[in-house]
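Inspection log for the structure reproduced underneath, given as structure tokens.
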Amino acid sequence: MDARHDSRNLNNPFDYNPNRTIELFALTPDEYIIAQDVACQHEYIDAQFCSNCDYQALRIVAQINRAYQGLNELVAICTHCRERYSFIFDISNKVYQSWLREQLGEHYMQQFEGTPRKADPNQLYFRS
């Protein structure tokens, strides 16, 4: 999968950021997964295999809003064996926050006061 697939397609869903970068899905030094929009978080989980039964059948069952930490946590369960997983996405990064600001307009309010996290260059998901 290319990190910028369909990047200029006006038919992209509203939860898709057309300005995704090579840092999409990279890990931060704290091992959070870089998210650059809402859609990519679901895409990432959809692509995972259960480590218990090796099925690619994870379903999101909960979202834990940790925006005040610059994070979003999604909890998923394997639909085959019921193994549980927690995925913690970094949403403090500039790509995500710029996209969110554009989506929300005057309703945008930055909830995370810290320095935006950056991808660990040794932990890129996509290679250039």
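FYI, nothing fancy with the structure tokens labels: chains A, B, ... in order, residues from 1 per chain, ligands from 1 as they appear.
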* If you count only C-alpha atoms, which residues fall within 12 Å of A:Gln97, apart from same-chain ones fewer than 2 positions away, as an NGL selection string? -> :A and (17 or 19-20 or 34-38 or 67 or 70-71 or 90-95 or 99-105 or 108-112 or 116-117)
* **Residues near A:His80, cut-off 9 Å, only C-alpha atoms, skip fewer than 6 positions along chain, as number ranges by chain** => A: 50, 53, 55-58
* Those in chain A with strand (DSSP E) from DSSP, as number ranges by chain -> A: 33-34, 58-66, 71-78, 84-90
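When only C-alpha atoms are used to compute distances to A:Pro121, the closest of the residues A:Tyr16, A:Tyr68, A:Phe25, A:Tyr44 turns out to be A:Phe25.
With only C-alpha atoms taken into account, the protein and nucleic acid residues at most 12 Å from A:Cys78 (excluding it and anything under 2 positions from it in its own chain) are Ile45, Asp46, Gln48, Phe49, Cys50, Ser51, Asn52, Cys53, Asp54, Tyr55, Gln56, Ala57, Leu58, Arg59, Ile60, Val61, Val75, Ala76, His80, Cys81, Arg82, Glu83, Arg84, Tyr85 and Ser86 of chain A.
Taking atom CA of A:Gln123 and atom CA of A:Pro13 as endpoints, the distance between them is 27.9 Å.
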